[in-house]
Structure formats: C-alpha cells, structure tokens
Amino acid sequence: RHSQWIPDGHYDPVTKTMFVGGADSIDKQYRIKDYSWWEDEELSYLDLMALIEQYEVLKPEIMVTHDAPQAIAAEIIRPLLLANPGWPQFEQTRTRNAFQVMFQIHQPKLWVFGHYHVSFDATVDGTRFICLAELEYKDL
C-alpha cells in the first residue's frame, strides 16, 4: 500500500526497465521473525518461473532488482566472507538462481541492485552490474 511500491515484474516500456524485489537474508538467525525477517522474503518458485518467462519475452534493457544473479553475487560475497570468517556460508538461493537463468537468456545493458550494501560496478558479458551501498546513488 506504500505509494512508492513497485510490484514484482513491473515493466516500464518507455525505459525498457523491469523491476523485481526480494532476496534471502543470510543473517536471518540474528533477526526477529515477522519483525526484521519474513519467511516470504523471496518470491515463490512459481512466481520466479513466471518472471523468467516474462523476461524472455520482454528482454529488458535495464533490470532493477534487490538481489543479483548467482555468479555476480558470488563475486561480491567472496571478499566479504574472507574478511568476516564468522559469517554464514554463501549458498545458492532461488532468487539468485532465477536471475542467473534470466542473465543466461538475455544480457541487459544495465543491472542495478543493492542487497549487499557495498559499492560494486563491473561489466560482465556486456552487462554493467551496479550494486549500491546504503544511501549510495549514481546518476546515469
């Protein structure tokens, strides 16, 4: 009901941008259920499959998501895990796996996400991936 809420799978045909929220919290064991962590943080498998089909048809030029494809997330997490050996191990999630499938189907020009709260800017297979740190922004 928030005025700034964007539904998952929303596609703006003018900017050719697709929006998808949701991500698994790796620190959920330190959070409070239904207060700072929710069981439905990730979309269901069926919802993600429907988004993959939509993505394949639309082939957006820009993706704005909360999480990133599995391979990109691994690049961000690897140094964080080395610097913080007590952190939980990095695992695959259905959201990251769905985004990885999307990326294999079609490489958009730009993919922006923020789940990891670190600055990251790299181009992979022609797609520029930008992770925004907390309160960070970029003028594009």
# chains A, B, ... in the order shown; residues from 1 in each chain; ligands from 1
>>> closest_atom_pairs(of="stretch 58-82 of chain A", to="stretch 108-130 of chain A", cutoff="6 Å", atoms="only C-alpha atoms", output="Markdown table")
| residue | atom | partner | partner_atom | distance |
| --- | --- | --- | --- | --- |
| A:Glu61 | CA | A:Pro108 | CA | 4.5 |
| A:Ile62 | CA | A:Leu110 | CA | 4.8 |
| A:Met63 | CA | A:Trp111 | CA | 4.6 |
| A:Val64 | CA | A:Val112 | CA | 4.9 |
| A:Thr65 | CA | A:Phe113 | CA | 4.9 |
| A:His66 | CA | A:Phe113 | CA | 5.0 |
| A:Asp67 | CA | A:His115 | CA | 5.3 |
>>> write_last_selection(atoms="N, CA, C and O atoms", output="compact mmCIF listing (two decimals), in the first residue's frame")
# COMPACT_ATOMS: atom_id res chain seq x y z
N GLU A 61 16.11 -3.80 -21.24
CA GLU A 61 17.45 -3.23 -21.35
C GLU A 61 18.03 -2.93 -19.98
O GLU A 61 19.24 -2.86 -19.82
N ILE A 62 17.15 -2.73 -18.99
CA ILE A 62 17.58 -2.41 -17.63
C ILE A 62 16.83 -3.30 -16.65
O ILE A 62 15.61 -3.45 -16.75
N MET A 63 17.57 -3.87 -15.70
CA MET A 63 16.97 -4.63 -14.61
C MET A 63 17.26 -3.88 -13.32
O MET A 63 18.40 -3.47 -13.06
N VAL A 64 16.23 -3.70 -12.50
CA VAL A 64 16.37 -3.11 -11.16
C VAL A 64 15.82 -4.16 -10.20
O VAL A 64 14.63 -4.45 -10.21
N THR A 65 16.73 -4.74 -9.40
CA THR A 65 16.36 -5.84 -8.52
C THR A 65 16.96 -5.62 -7.14
O THR A 65 17.84 -4.78 -6.96
N HIS A 66 16.48 -6.40 -6.19
CA HIS A 66 17.08 -6.32 -4.86
C HIS A 66 18.36 -7.15 -4.80
O HIS A 66 19.37 -6.71 -4.27
N ASP A 67 18.33 -8.35 -5.37
CA ASP A 67 19.49 -9.24 -5.39
C ASP A 67 20.07 -9.27 -6.79
O ASP A 67 19.63 -8.52 -7.66
>>> select_by_dssp(residues="chain A", states="strand (DSSP E)", output="PyMOL selection string")
chain A and resi 10-12+17-20+62-65+110-113+120-124+127-131
>>> closest_residue(among="A:Phe90, A:Tyr55, A:Tyr30, A:Phe99", to="A:Lys16", atoms="only C-alpha atoms")
A:Tyr55
>>> select_by_dssp(residues="chain A", states="helix (DSSP H, G or I)", output="PyMOL selection string")
chain A and resi 28-30+45-58+70-83+94-105
>>> write_last_selection(atoms="N, CA and C atoms", output="short mmCIF file (atom, residue, chain, number, x, y, z; two decimals), in the first residue's frame")
data_model
loop_
_atom_site.label_atom_id
_atom_site.label_comp_id
_atom_site.auth_asym_id
_atom_site.auth_seq_id
_atom_site.Cartn_x
_atom_site.Cartn_y
_atom_site.Cartn_z
N LYS A 28 19.43 -14.15 8.87
CA LYS A 28 18.09 -14.29 9.46
C LYS A 28 18.11 -14.91 10.85
N GLN A 29 19.15 -15.69 11.17
CA GLN A 29 19.22 -16.28 12.52
C GLN A 29 19.41 -15.20 13.59
N TYR A 30 19.82 -14.00 13.19
CA TYR A 30 20.01 -12.90 14.14
C TYR A 30 18.83 -11.94 14.15
N TYR A 45 8.86 -20.17 -6.05
CA TYR A 45 9.43 -20.79 -7.24
C TYR A 45 8.53 -20.53 -8.46
N LEU A 46 7.22 -20.69 -8.28
CA LEU A 46 6.29 -20.49 -9.39
C LEU A 46 6.28 -19.03 -9.85
N ASP A 47 6.32 -18.10 -8.90
CA ASP A 47 6.37 -16.67 -9.27
C ASP A 47 7.65 -16.36 -10.04
N LEU A 48 8.76 -16.92 -9.60
CA LEU A 48 10.04 -16.67 -10.29
C LEU A 48 10.03 -17.29 -11.69
N MET A 49 9.44 -18.46 -11.83
CA MET A 49 9.34 -19.08 -13.16
C MET A 49 8.52 -18.20 -14.11
N ALA A 50 7.44 -17.63 -13.59
CA ALA A 50 6.62 -16.73 -14.41
C ALA A 50 7.41 -15.48 -14.81
N LEU A 51 8.22 -14.97 -13.89
CA LEU A 51 9.04 -13.80 -14.21
C LEU A 51 10.11 -14.13 -15.25
N ILE A 52 10.66 -15.32 -15.17
CA ILE A 52 11.65 -15.74 -16.19
C ILE A 52 10.99 -15.75 -17.57
N GLU A 53 9.78 -16.29 -17.66
CA GLU A 53 9.06 -16.31 -18.94
C GLU A 53 8.78 -14.89 -19.42
N GLN A 54 8.37 -14.01 -18.52
CA GLN A 54 8.10 -12.61 -18.87
C GLN A 54 9.38 -11.93 -19.35
N TYR A 55 10.47 -12.16 -18.65
CA TYR A 55 11.78 -11.60 -19.00
C TYR A 55 12.21 -12.04 -20.40
N GLU A 56 12.00 -13.32 -20.70
CA GLU A 56 12.40 -13.85 -22.00
C GLU A 56 11.65 -13.18 -23.14
N VAL A 57 10.39 -12.86 -22.91
CA VAL A 57 9.58 -12.19 -23.93
C VAL A 57 9.97 -10.72 -24.04
N LEU A 58 10.09 -10.03 -22.90
CA LEU A 58 10.32 -8.58 -22.90
C LEU A 58 11.76 -8.19 -23.22
N GLN A 70 23.38 -15.26 -9.45
CA GLN A 70 24.25 -16.04 -8.56
C GLN A 70 25.74 -15.75 -8.79
N ALA A 71 26.18 -15.74 -10.04
CA ALA A 71 27.61 -15.54 -10.32
C ALA A 71 28.08 -14.16 -9.90
N ILE A 72 27.27 -13.14 -10.09
CA ILE A 72 27.64 -11.78 -9.70
C ILE A 72 27.65 -11.66 -8.18
N ALA A 73 26.64 -12.23 -7.53
CA ALA A 73 26.59 -12.21 -6.06
C ALA A 73 27.82 -12.88 -5.47
N ALA A 74 28.26 -13.97 -6.07
CA ALA A 74 29.44 -14.69 -5.57
C ALA A 74 30.68 -13.81 -5.62
N GLU A 75 30.79 -12.98 -6.66
CA GLU A 75 31.94 -12.08 -6.77
C GLU A 75 31.95 -11.04 -5.65
N ILE A 76 30.77 -10.62 -5.25
CA ILE A 76 30.66 -9.62 -4.18
C ILE A 76 30.89 -10.27 -2.81
N ILE A 77 30.31 -11.43 -2.60
CA ILE A 77 30.35 -12.10 -1.30
C ILE A 77 31.72 -12.67 -0.97
N ARG A 78 32.44 -13.16 -1.96
CA ARG A 78 33.73 -13.83 -1.71
C ARG A 78 34.67 -12.99 -0.83
N PRO A 79 34.97 -11.74 -1.17
CA PRO A 79 35.86 -10.96 -0.29
C PRO A 79 35.24 -10.64 1.07
N LEU A 80 33.92 -10.51 1.12
CA LEU A 80 33.27 -10.25 2.41
C LEU A 80 33.40 -11.45 3.34
N LEU A 81 33.28 -12.65 2.79
CA LEU A 81 33.43 -13.85 3.61
C LEU A 81 34.87 -14.01 4.09
N LEU A 82 35.84 -13.68 3.24
CA LEU A 82 37.24 -13.76 3.65
C LEU A 82 37.55 -12.78 4.78
N ALA A 83 36.93 -11.61 4.73
CA ALA A 83 37.16 -10.60 5.76
C ALA A 83 36.36 -10.86 7.04
N ARG A 94 16.90 -19.38 -4.53
CA ARG A 94 16.05 -19.47 -5.72
C ARG A 94 16.00 -18.13 -6.45
N THR A 95 16.11 -17.02 -5.73
CA THR A 95 16.10 -15.71 -6.39
C THR A 95 17.35 -15.52 -7.24
N ARG A 96 18.52 -15.74 -6.64
CA ARG A 96 19.77 -15.59 -7.40
C ARG A 96 19.84 -16.57 -8.57
N ASN A 97 19.35 -17.78 -8.36
CA ASN A 97 19.35 -18.76 -9.45
C ASN A 97 18.41 -18.33 -10.58
N ALA A 98 17.24 -17.78 -10.23
CA ALA A 98 16.32 -17.29 -11.26
C ALA A 98 16.96 -16.14 -12.04
N PHE A 99 17.62 -15.23 -11.33
CA PHE A 99 18.29 -14.12 -12.01
C PHE A 99 19.43 -14.62 -12.88
N GLN A 100 20.11 -15.67 -12.46
CA GLN A 100 21.18 -16.25 -13.27
C GLN A 100 20.61 -16.82 -14.57
N VAL A 101 19.47 -17.49 -14.48
CA VAL A 101 18.80 -18.02 -15.67
C VAL A 101 18.40 -16.87 -16.59
N MET A 102 17.85 -15.81 -16.00
CA MET A 102 17.47 -14.64 -16.81
C MET A 102 18.69 -14.09 -17.55
N PHE A 103 19.80 -13.96 -16.83
CA PHE A 103 21.01 -13.40 -17.44
C PHE A 103 21.53 -14.30 -18.56
N GLN A 104 21.38 -15.60 -18.41
CA GLN A 104 21.81 -16.52 -19.47
C GLN A 104 20.91 -16.41 -20.70
N ILE A 105 19.63 -16.11 -20.49
CA ILE A 105 18.68 -15.96 -21.59
C ILE A 105 18.95 -14.68 -22.37
#
>>> atom_distance(atom1="atom CA of A:Val20", atom2="atom CA of A:Lys33")
22.6 Å
>>> residues_around(residues="A:Asp12", least_positions_apart="6", cutoff="10 Å", atoms="only C-alpha atoms", output="list in words")
Met18, Phe19, Pro60 and Ile62 of chain A
>>> atom_distance(atom1="atom CA of A:Ala23", atom2="atom CA of A:Tyr137")
20.2 Å
>>> closest_residue(among="A:Cys131, A:Pro85, A:Thr93, A:Ala68", to="A:Glu41", atoms="only C-alpha atoms")
A:Thr93
